[in-house]
$ cat final23.cif   # mmCIF, C-alpha atoms
data_run
#
loop_
_atom_site.label_atom_id
_atom_site.label_comp_id
_atom_site.auth_asym_id
_atom_site.auth_seq_id
_atom_site.Cartn_x
_atom_site.Cartn_y
_atom_site.Cartn_z
CA MET A 979 21.71 11.97 15.65
CA ALA A 980 19.34 10.28 13.23
CA GLN A 981 20.29 12.87 10.66
CA SER A 982 23.84 11.60 10.38
CA ILE A 983 22.63 8.02 10.10
CA PHE A 984 20.34 8.75 7.18
CA GLY A 985 22.82 11.12 5.58
CA SER A 986 20.42 13.97 4.98
CA VAL A 987 21.29 17.60 4.51
CA ALA A 988 22.13 19.37 7.75
CA GLN A 989 19.09 21.28 8.97
CA PRO A 990 18.87 24.23 11.31
CA VAL A 991 18.27 23.24 14.92
CA SER A 992 14.51 22.93 14.66
CA ILE A 993 12.44 22.18 11.59
CA PRO A 994 9.29 24.30 11.21
CA VAL A 995 6.23 22.07 11.48
CA ILE A 996 3.00 22.62 9.57
CA PRO A 997 0.25 23.39 12.11
CA VAL A 998 -2.44 20.70 12.36
CA ARG A 999 -5.24 23.19 11.62
CA GLU A 1000 -3.59 23.85 8.26
CA ILE A 1001 -3.40 20.15 7.41
CA LEU A 1002 -6.86 19.21 8.67
CA PRO A 1003 -9.08 20.43 5.80
CA TYR A 1004 -6.85 18.72 3.22
CA ALA A 1005 -6.65 15.59 5.33
CA VAL A 1006 -10.43 15.38 5.70
CA PHE A 1007 -11.55 16.17 2.15
CA GLY A 1008 -8.52 14.95 0.22
CA GLY A 1009 -8.04 11.96 2.46
CA LEU A 1010 -11.66 10.85 2.10
CA LEU A 1011 -11.58 11.13 -1.70
CA LEU A 1012 -8.29 9.23 -1.87
CA LEU A 1013 -9.61 6.48 0.40
CA LEU A 1014 -12.70 6.26 -1.79
CA ALA A 1015 -10.43 5.83 -4.83
CA ILE A 1016 -8.58 2.99 -3.09
CA TYR A 1017 -11.94 1.43 -2.20
CA PHE A 1018 -12.98 1.48 -5.85
CA VAL A 1019 -9.73 -0.08 -7.06
CA GLY A 1020 -9.57 -2.64 -4.27
CA ALA A 1021 -13.00 -3.61 -3.04
CA GLU A 1022 -16.01 -2.23 -4.98
CA GLN A 1023 -18.34 -5.02 -6.19
CA GLY A 1024 -16.47 -7.52 -4.05
CA ALA A 1025 -17.70 -7.76 -0.49
CA THR A 1026 -19.73 -4.56 -0.85
CA SER A 1027 -21.22 -2.73 -3.82
CA MET A 1028 -22.12 0.90 -4.42
CA PHE A 1029 -23.06 0.13 -8.01
CA ARG A 1030 -24.89 -2.94 -9.24
CA GLY A 1031 -23.32 -5.50 -11.49
CA THR A 1032 -19.73 -6.68 -11.79
CA MET A 1033 -18.27 -4.41 -14.47
CA VAL A 1034 -16.04 -2.38 -12.10
CA HIS A 1035 -14.80 -5.60 -10.55
CA GLU A 1036 -14.13 -7.24 -13.90
CA PHE A 1037 -12.42 -4.18 -15.39
CA LEU A 1038 -10.05 -3.81 -12.43
CA HIS A 1039 -9.69 -7.58 -11.97
CA ASP A 1040 -5.96 -7.97 -12.66
CA GLY A 1041 -4.88 -4.94 -10.68
CA ARG A 1042 -6.95 -6.09 -7.74
CA HIS A 1043 -5.25 -9.51 -7.67
CA LEU A 1044 -1.74 -8.17 -8.23
CA LEU A 1045 -2.08 -5.36 -5.68
CA GLY A 1046 -3.00 -7.98 -3.09
CA PHE A 1047 -6.68 -7.19 -2.44
CA PRO A 1048 -9.05 -10.06 -1.67
CA CYS A 1049 -10.91 -10.77 -4.92
CA HIS A 1050 -13.76 -13.27 -5.58
CA MET B 1362 14.23 29.28 5.20
CA LYS B 1363 12.06 31.36 2.91
CA GLY B 1364 12.14 28.64 0.26
CA ASN B 1365 11.07 26.14 2.89
CA GLN B 1366 8.00 28.19 3.73
CA ASN B 1367 6.90 28.27 0.12
CA ILE B 1368 7.40 24.61 -0.58
CA LEU B 1369 6.15 23.07 2.63
CA MET B 1370 2.47 23.74 2.30
CA THR B 1371 -0.05 20.98 2.69
CA ARG B 1372 -1.58 21.61 -0.72
CA THR B 1373 1.78 21.37 -2.47
CA LEU B 1374 2.71 18.21 -0.60
CA LEU B 1375 -0.66 16.59 -1.39
CA LEU B 1376 -0.37 17.44 -5.09
CA ARG B 1377 3.23 16.30 -5.33
CA GLY B 1378 2.38 13.08 -3.55
CA MET B 1379 -0.36 12.40 -6.08
CA LEU B 1380 1.88 13.25 -9.04
CA VAL B 1381 4.73 11.05 -7.83
CA GLY B 1382 2.02 8.45 -7.17
CA VAL B 1383 0.91 8.61 -10.81
CA VAL B 1384 4.51 8.01 -11.93
CA ALA B 1385 4.77 5.16 -9.41
CA GLY B 1386 1.49 3.77 -10.78
CA LEU B 1387 2.89 3.75 -14.32
CA LEU B 1388 5.98 1.88 -13.10
CA VAL B 1389 3.72 -0.50 -11.18
CA PHE B 1390 1.75 -1.15 -14.36
CA ALA B 1391 4.89 -1.89 -16.40
CA PHE B 1392 6.30 -4.08 -13.67
CA ALA B 1393 3.02 -5.91 -13.01
CA ARG B 1394 2.54 -6.52 -16.70
CA TRP B 1395 6.03 -7.97 -16.99
CA ILE B 1396 6.36 -9.96 -13.75
CA GLY B 1397 2.74 -10.51 -12.66
CA GLU B 1398 0.62 -11.11 -15.74
CA PRO B 1399 2.27 -14.44 -16.74
CA GLN B 1400 1.19 -15.78 -13.33
CA VAL B 1401 -2.35 -14.43 -13.72
CA GLU B 1402 -2.62 -16.10 -17.13
CA ARG B 1403 -1.39 -19.44 -15.82
CA SER B 1404 -3.81 -19.27 -12.89
CA ILE B 1405 -6.73 -18.57 -15.20
CA ALA B 1406 -5.63 -21.50 -17.40
CA PHE B 1407 -5.64 -23.71 -14.29
CA GLU B 1408 -9.12 -22.49 -13.36
CA THR B 1409 -10.47 -23.06 -16.87
CA ALA B 1410 -8.96 -26.55 -17.03
CA GLY B 1411 -10.63 -27.37 -13.70
CA ASP B 1412 -14.01 -26.10 -14.90
CA GLN B 1413 -13.73 -28.19 -18.06
CA ALA B 1414 -12.69 -31.32 -16.14
CA ARG B 1415 -15.78 -30.96 -13.93
CA GLY B 1416 -17.92 -30.37 -17.01
CA GLU B 1417 -18.86 -26.87 -15.86
CA ALA B 1418 -19.28 -24.01 -18.26
CA PRO B 1419 -16.35 -21.56 -18.08
CA GLU B 1420 -17.08 -18.23 -16.40
CA PRO B 1421 -18.52 -15.73 -18.87
CA GLU B 1422 -16.04 -13.06 -19.92
CA MET B 1423 -17.69 -9.73 -19.14
CA VAL B 1424 -14.49 -7.79 -19.84
CA SER B 1425 -12.04 -9.38 -22.27
CA ARG B 1426 -8.68 -10.58 -20.97
CA ARG B 1427 -7.00 -8.17 -23.35
CA VAL B 1428 -8.72 -5.18 -21.71
CA GLN B 1429 -8.24 -6.56 -18.18
CA LYS B 1430 -4.48 -6.85 -18.55
CA SER B 1431 -3.97 -3.56 -20.39
CA LEU B 1432 -6.42 -0.72 -19.76
CA GLY B 1433 -7.91 -2.29 -16.63
CA LEU B 1434 -4.57 -2.95 -15.00
CA LEU B 1435 -3.27 0.47 -16.03
CA THR B 1436 -6.32 2.23 -14.55
CA GLY B 1437 -6.09 0.27 -11.32
CA ALA B 1438 -2.36 0.87 -10.93
CA VAL B 1439 -2.46 4.61 -11.68
CA VAL B 1440 -5.53 5.38 -9.53
CA TYR B 1441 -4.12 3.32 -6.68
CA GLY B 1442 -0.71 4.97 -7.06
CA ALA B 1443 -2.17 8.49 -7.09
CA ALA B 1444 -4.34 7.75 -4.05
CA VAL B 1445 -1.57 6.16 -1.98
CA GLY B 1446 0.76 8.97 -3.11
CA GLY B 1447 -1.67 11.68 -2.03
CA LEU B 1448 -2.14 10.08 1.38
CA PHE B 1449 1.63 9.76 1.62
CA GLY B 1450 1.95 13.50 0.97
CA LEU B 1451 -0.56 14.25 3.73
CA VAL B 1452 1.23 12.01 6.22
CA PHE B 1453 4.51 13.66 5.23
CA ALA B 1454 2.98 17.11 5.84
CA PHE B 1455 2.12 16.04 9.37
CA ALA B 1456 5.33 14.11 10.10
CA TYR B 1457 7.77 16.77 8.87
CA GLY B 1458 9.55 18.19 11.90
CA ARG B 1459 7.56 15.90 14.19
CA ILE B 1460 9.57 12.69 13.78
CA GLY B 1461 13.11 13.57 14.80
CA GLU B 1462 15.16 16.10 12.89
CA LEU B 1463 15.00 14.44 9.50
CA GLY B 1464 15.28 16.47 6.30
CA PRO B 1465 12.67 15.95 3.54
CA ARG B 1466 14.61 13.31 1.62
CA ALA B 1467 15.39 11.18 4.66
CA LEU B 1468 11.90 11.59 6.14
CA ALA B 1469 10.21 10.50 2.88
CA ALA B 1470 12.43 7.41 2.71
CA VAL B 1471 11.75 6.52 6.36
CA LEU B 1472 7.99 7.05 5.97
CA ALA B 1473 7.89 4.92 2.83
CA GLY B 1474 9.81 2.16 4.61
CA LEU B 1475 7.50 2.26 7.63
CA GLY B 1476 4.45 2.44 5.35
CA PHE B 1477 5.63 -0.59 3.40
CA VAL B 1478 6.07 -2.57 6.62
CA ALA B 1479 2.72 -1.52 8.11
CA ILE B 1480 0.53 -1.59 5.00
CA VAL B 1481 2.18 -4.26 2.83
CA LEU B 1482 4.46 -6.57 4.77
CA VAL B 1483 2.38 -7.19 7.91
CA PRO B 1484 -0.97 -7.81 6.17
CA ASN B 1485 0.75 -9.96 3.52
CA LEU B 1486 2.29 -12.31 6.08
CA LYS B 1487 -1.21 -13.25 7.29
CA TYR B 1488 -3.23 -12.71 4.11
CA PRO B 1489 -0.91 -13.00 1.10
CA ALA B 1490 -2.12 -11.98 -2.35
CA ASN B 1491 -4.09 -14.68 -4.14
CA PRO B 1492 -4.10 -15.34 -7.88
CA PRO B 1493 -7.36 -16.00 -9.74
CA ALA B 1494 -8.70 -19.55 -9.12
CA VAL B 1495 -7.84 -19.26 -5.41
CA GLY B 1496 -10.48 -18.22 -2.88
CA SER B 1497 -14.16 -19.08 -2.64
CA ALA B 1498 -16.83 -16.49 -3.34
CA GLU B 1499 -18.72 -17.26 -0.11
CA THR B 1500 -15.91 -15.98 2.13
CA ILE B 1501 -15.18 -12.71 0.32
CA GLY B 1502 -16.91 -10.73 3.09
CA VAL B 1503 -14.85 -12.26 5.90
CA ARG B 1504 -11.62 -12.07 3.90
CA THR B 1505 -12.11 -8.43 2.92
CA GLY B 1506 -13.08 -7.44 6.46
CA ALA B 1507 -10.17 -9.24 8.10
CA TYR B 1508 -7.69 -7.90 5.55
CA PHE B 1509 -8.67 -4.25 6.01
CA LEU B 1510 -8.94 -4.68 9.77
CA LEU B 1511 -5.37 -6.01 9.92
CA ILE B 1512 -4.14 -3.06 7.83
CA ALA B 1513 -5.92 -0.64 10.18
CA VAL B 1514 -4.51 -2.31 13.30
CA SER B 1515 -1.06 -2.36 11.74
CA ILE B 1516 -1.16 1.38 10.96
CA VAL B 1517 -2.44 2.31 14.42
CA THR B 1518 0.21 0.10 16.03
CA MET B 1519 2.90 1.74 13.90
CA VAL B 1520 1.85 5.23 15.05
CA PHE B 1521 1.69 4.05 18.66
CA SER B 1522 5.14 2.43 18.41
CA LEU B 1523 6.62 5.62 16.96
CA GLN B 1524 5.28 7.57 19.94
CA MET B 1525 6.64 4.98 22.33
CA ARG B 1526 9.99 5.15 20.54
CA ARG B 1527 10.39 8.74 21.66
CA ARG B 1528 9.68 7.77 25.26
CA PHE B 1529 11.94 4.70 25.17
CA SER B 1530 14.73 6.73 23.55
CA LYS B 1531 14.76 9.26 26.37
CA ARG B 1532 15.18 6.46 28.84
CA PHE B 1533 17.32 3.87 27.08
CA GLY B 1534 19.02 5.88 24.33
CA GLU B 1535 18.18 6.21 20.64
CA TRP B 1536 19.32 2.76 19.48
CA ASN B 1537 17.86 0.67 22.30
CA GLY B 1538 14.71 2.78 22.35
CA SER B 1539 14.16 2.16 18.63
CA LEU B 1540 14.74 -1.57 19.04
CA LEU B 1541 12.24 -1.67 21.91
CA ALA B 1542 9.65 0.21 19.83
CA ALA B 1543 10.19 -2.15 16.88
CA GLY B 1544 9.79 -5.12 19.21
CA LEU B 1545 6.58 -3.64 20.59
CA PHE B 1546 5.21 -3.27 17.05
CA VAL B 1547 6.06 -6.87 16.13
CA VAL B 1548 4.50 -8.28 19.30
CA ILE B 1549 1.22 -6.34 18.98
CA VAL B 1550 0.62 -7.06 15.29
CA SER B 1551 1.62 -10.72 15.76
CA VAL B 1552 -0.89 -11.22 18.57
CA VAL B 1553 -3.68 -9.47 16.64
CA ALA B 1554 -2.90 -11.39 13.44
CA HIS B 1555 -2.93 -14.65 15.40
CA PHE B 1556 -6.54 -14.11 16.47
CA LEU B 1557 -7.84 -13.06 13.05
CA PRO B 1558 -9.56 -15.81 11.02
CA GLU B 1559 -7.44 -18.28 9.07
CA VAL B 1560 -7.94 -18.37 5.31
CA ASP B 1561 -6.88 -21.50 3.42
CA GLU B 1562 -8.74 -21.87 0.16
CA VAL B 1563 -6.07 -23.03 -2.27
CA PRO B 1564 -7.68 -25.64 -4.57
CA ALA B 1565 -6.10 -29.11 -4.67
CA GLY B 1566 -3.43 -29.43 -7.32
CA PHE B 1567 -2.74 -25.71 -7.67
CA PRO B 1568 0.96 -25.45 -8.68
CA VAL B 1569 3.08 -24.45 -5.68
CA THR B 1570 5.71 -22.68 -7.77
CA LEU B 1571 3.02 -20.66 -9.51
CA MET B 1572 1.63 -19.59 -6.12
CA TRP B 1573 5.11 -18.61 -4.92
CA LYS B 1574 5.86 -16.60 -8.04
CA PHE B 1575 2.53 -14.80 -7.89
CA ARG B 1576 2.90 -13.86 -4.24
CA VAL B 1577 6.50 -12.72 -4.64
CA ALA B 1578 5.43 -10.66 -7.65
CA ALA B 1579 2.66 -9.03 -5.60
CA VAL B 1580 5.13 -7.97 -2.88
CA GLU B 1581 7.65 -6.77 -5.49
CA ILE B 1582 4.98 -4.67 -7.15
CA GLN B 1583 4.30 -2.97 -3.82
CA ALA B 1584 8.04 -2.47 -3.31
CA VAL B 1585 8.18 -0.66 -6.67
CA LEU B 1586 5.28 1.56 -5.59
CA TRP B 1587 6.61 2.43 -2.14
CA GLY B 1588 10.19 2.72 -3.33
CA THR B 1589 9.23 5.17 -6.07
CA LEU B 1590 7.04 7.14 -3.67
CA GLY B 1591 9.63 7.41 -0.93
CA LEU B 1592 12.61 8.24 -3.11
CA GLY B 1593 10.83 10.28 -5.79
CA PHE B 1594 8.79 12.41 -3.39
CA GLY B 1595 11.77 12.96 -1.11
CA TRP B 1596 13.99 13.99 -3.99
CA TRP B 1597 11.40 16.45 -5.29
CA VAL B 1598 10.68 18.13 -1.96
CA GLU B 1599 14.34 18.21 -0.93
CA SER B 1600 15.60 19.68 -4.19
CA SER B 1601 13.06 22.50 -4.15
CA SER B 1602 13.44 23.36 -0.46
CA ARG B 1603 17.12 24.25 -0.72
#

$ encode --input "final23.cif" --output "structure tokens"
Amino acid sequence: MAQSIFGSVAQPVSIPVIPVREILPYAVFGGLLLLLAIYFVGAEQGATSMFRGTMVHEFLHDGRHLLGFPCH
Amino acid sequence: MKGNQNILMTRTLLLRGMLVGVVAGLLVFAFARWIGEPQVERSIAFETAGDQARGEAPEPEMVSRRVQKSLGLLTGAVVYGAAVGGLFGLVFAFAYGRIGELGPRALAAVLAGLGFVAIVLVPNLKYPANPPAVGSAETIGVRTGAYFLLIAVSIVTMVFSLQMRRRFSKRFGEWNGSLLAAGLFVVIVSVVAHFLPEVDEVPAGFPVTLMWKFRVAAVEIQAVLWGTLGLGFGWWVESSSR
């Protein structure tokens, strides 16, 4: 039903799913690293700091404002 | 089907998400530079004029404006794009075959649309992006906490509403079930947003049109990111799974 609405290629009756146990290790390790990256772009040296000073904050200043993160 | 097995592995989807995210980040940089930077510059000019009028020394420039708006913005955009793209790939890996019978291209577009609503639109309606010169340093803790809390609530509510959609659809049909689930999402996030702290720190005399342009630019930048992710990732996975 939804398939015809979104105009995708016709699929066989059921789509094979990726088992959760296969996704989990990537989700845990990859996901954590990616969230850490977002933290550094969006919030480091704002409300909380892992490194002292304001250089990270100042360097990423414009991106932080334009990507919508709360900034100073 | 054999091609499908090869392509649809978590590792591949994660990597492709990150790569499409890097491309999206580059587009975000170009777009932000073009549509966003003029607003940032004008806001900084407003801030500097205010400091001078009050006889205060201007804020020391630790990183030059030239670096902030070129290398700094580029780094922020690409790292952010790669990270959001990678997470998008992981969510896709889980959602494929679990949300209706959507093919890769359609699923990626739907996920990007839902992600944009949950992660960009909802938080922005309560806590819109602020240009430099707006926001006091004392409240950064509360603002950051409330902002990320609203994003978290919005994502959880989106997942919950998608699960409810399946239940509603069985009972009331696909269309009405989807409408009910969408309504449920709107009601929950509206109530939560209502009880989160109000932030109103726009300095007197800050140009209204400048504020509007900045905030529209911020949403447009996110639309570029999520649009590129949804369409680019979907195209890539679809074309290689045939």

$ residues_around --input "final23.cif" --residues "region 1022-1026 of chain A" --least-positions-apart "6" --cutoff "8 Å" --atoms "only C-alpha atoms" --output "list in words"
Thr1032, Val1034, His1035, Cys1049 and His1050 of chain A; Ile1501, Gly1502 and Thr1505 of chain B

$ closest_residue --input "final23.cif" --among "B:Pro1493, B:Gly1476, B:Gly1588, B:Gly1593" --to "Glu1408 (chain B)" --atoms "all atoms listed in the file"
B:Pro1493

$ interface_residues --input "final23.cif" --of "chain A" --to "chain B" --cutoff "8 Å" --atoms "all atoms listed in the file" --output "mmCIF file with C-alpha atoms, in the coordinates of the input"
data_model
loop_
_atom_site.group_PDB
_atom_site.id
_atom_site.type_symbol
_atom_site.label_atom_id
_atom_site.label_comp_id
_atom_site.auth_asym_id
_atom_site.auth_seq_id
_atom_site.Cartn_x
_atom_site.Cartn_y
_atom_site.Cartn_z
ATOM 1 C CA ALA A 980 19.340 10.280 13.230
ATOM 2 C CA GLN A 981 20.290 12.870 10.660
ATOM 3 C CA PHE A 984 20.340 8.750 7.180
ATOM 4 C CA GLY A 985 22.820 11.120 5.580
ATOM 5 C CA SER A 986 20.420 13.970 4.980
ATOM 6 C CA VAL A 987 21.290 17.600 4.510
ATOM 7 C CA ALA A 988 22.130 19.370 7.750
ATOM 8 C CA GLN A 989 19.090 21.280 8.970
ATOM 9 C CA SER A 992 14.510 22.930 14.660
ATOM 10 C CA ILE A 993 12.440 22.180 11.590
ATOM 11 C CA PRO A 994 9.290 24.300 11.210
ATOM 12 C CA VAL A 995 6.230 22.070 11.480
ATOM 13 C CA ILE A 996 3.000 22.620 9.570
ATOM 14 C CA VAL A 998 -2.440 20.700 12.360
ATOM 15 C CA GLU A 1000 -3.590 23.850 8.260
ATOM 16 C CA ILE A 1001 -3.400 20.150 7.410
ATOM 17 C CA TYR A 1004 -6.850 18.720 3.220
ATOM 18 C CA ALA A 1005 -6.650 15.590 5.330
ATOM 19 C CA GLY A 1008 -8.520 14.950 0.220
ATOM 20 C CA GLY A 1009 -8.040 11.960 2.460
ATOM 21 C CA LEU A 1012 -8.290 9.230 -1.870
ATOM 22 C CA LEU A 1013 -9.610 6.480 0.400
ATOM 23 C CA ALA A 1015 -10.430 5.830 -4.830
ATOM 24 C CA ILE A 1016 -8.580 2.990 -3.090
ATOM 25 C CA VAL A 1019 -9.730 -0.080 -7.060
ATOM 26 C CA ALA A 1021 -13.000 -3.610 -3.040
ATOM 27 C CA GLY A 1024 -16.470 -7.520 -4.050
ATOM 28 C CA ALA A 1025 -17.700 -7.760 -0.490
ATOM 29 C CA THR A 1026 -19.730 -4.560 -0.850
ATOM 30 C CA MET A 1033 -18.270 -4.410 -14.470
ATOM 31 C CA GLU A 1036 -14.130 -7.240 -13.900
ATOM 32 C CA PHE A 1037 -12.420 -4.180 -15.390
ATOM 33 C CA LEU A 1038 -10.050 -3.810 -12.430
ATOM 34 C CA HIS A 1039 -9.690 -7.580 -11.970
ATOM 35 C CA ASP A 1040 -5.960 -7.970 -12.660
ATOM 36 C CA GLY A 1041 -4.880 -4.940 -10.680
ATOM 37 C CA ARG A 1042 -6.950 -6.090 -7.740
ATOM 38 C CA HIS A 1043 -5.250 -9.510 -7.670
ATOM 39 C CA LEU A 1044 -1.740 -8.170 -8.230
ATOM 40 C CA LEU A 1045 -2.080 -5.360 -5.680
ATOM 41 C CA GLY A 1046 -3.000 -7.980 -3.090
ATOM 42 C CA PHE A 1047 -6.680 -7.190 -2.440
ATOM 43 C CA PRO A 1048 -9.050 -10.060 -1.670
ATOM 44 C CA CYS A 1049 -10.910 -10.770 -4.920
ATOM 45 C CA HIS A 1050 -13.760 -13.270 -5.580
#

$ atom_distance --input "final23.cif" --atom1 "CA of Leu1590 (chain B)" --atom2 "CA of Gly1386 (chain B)"
9.6 Å

$ resolve_selection --input "final23.cif" --expression "the PyMOL selection byres ((chain B and resi 1553) around 12)" --output "MDAnalysis selection string"
chainID B and resid 1483:1484 1487 1507:1508 1510:1515 1518 1546:1552 1554:1558

$ closest_residue --input "final23.cif" --among "B:Ile1405, B:Val1381, B:Ala1473, B:Ala1418" --to "Ala1584 (chain B)" --atoms "only C-alpha atoms"
B:Ala1473

$ atom_distance --input "final23.cif" --atom1 "CA of Ala1469 (chain B)" --atom2 "CA of Gly1378 (chain B)"
10.5 Å

$ atom_distance --input "final23.cif" --atom1 "CA of Gly1411 (chain B)" --atom2 "CA of Met1572 (chain B)"
16.4 Å

$ axis_aligned_box --input "final23.cif" --around "region 1535-1540 of chain B" --padding-each-side "8 Å" --output "AutoDock Vina command-line options"
--center_x 16.7 --center_y 2.3 --center_z 20.5 --size_x 21.2 --size_y 23.8 --size_z 19.7

$ residues_around --input "final23.cif" --residues "Ala1542 (chain B)" --least-positions-apart "6" --cutoff "7 Å" --atoms "all atoms listed in the file" --output "ChimeraX atom specification"
/B:1522-1523,1525-1526
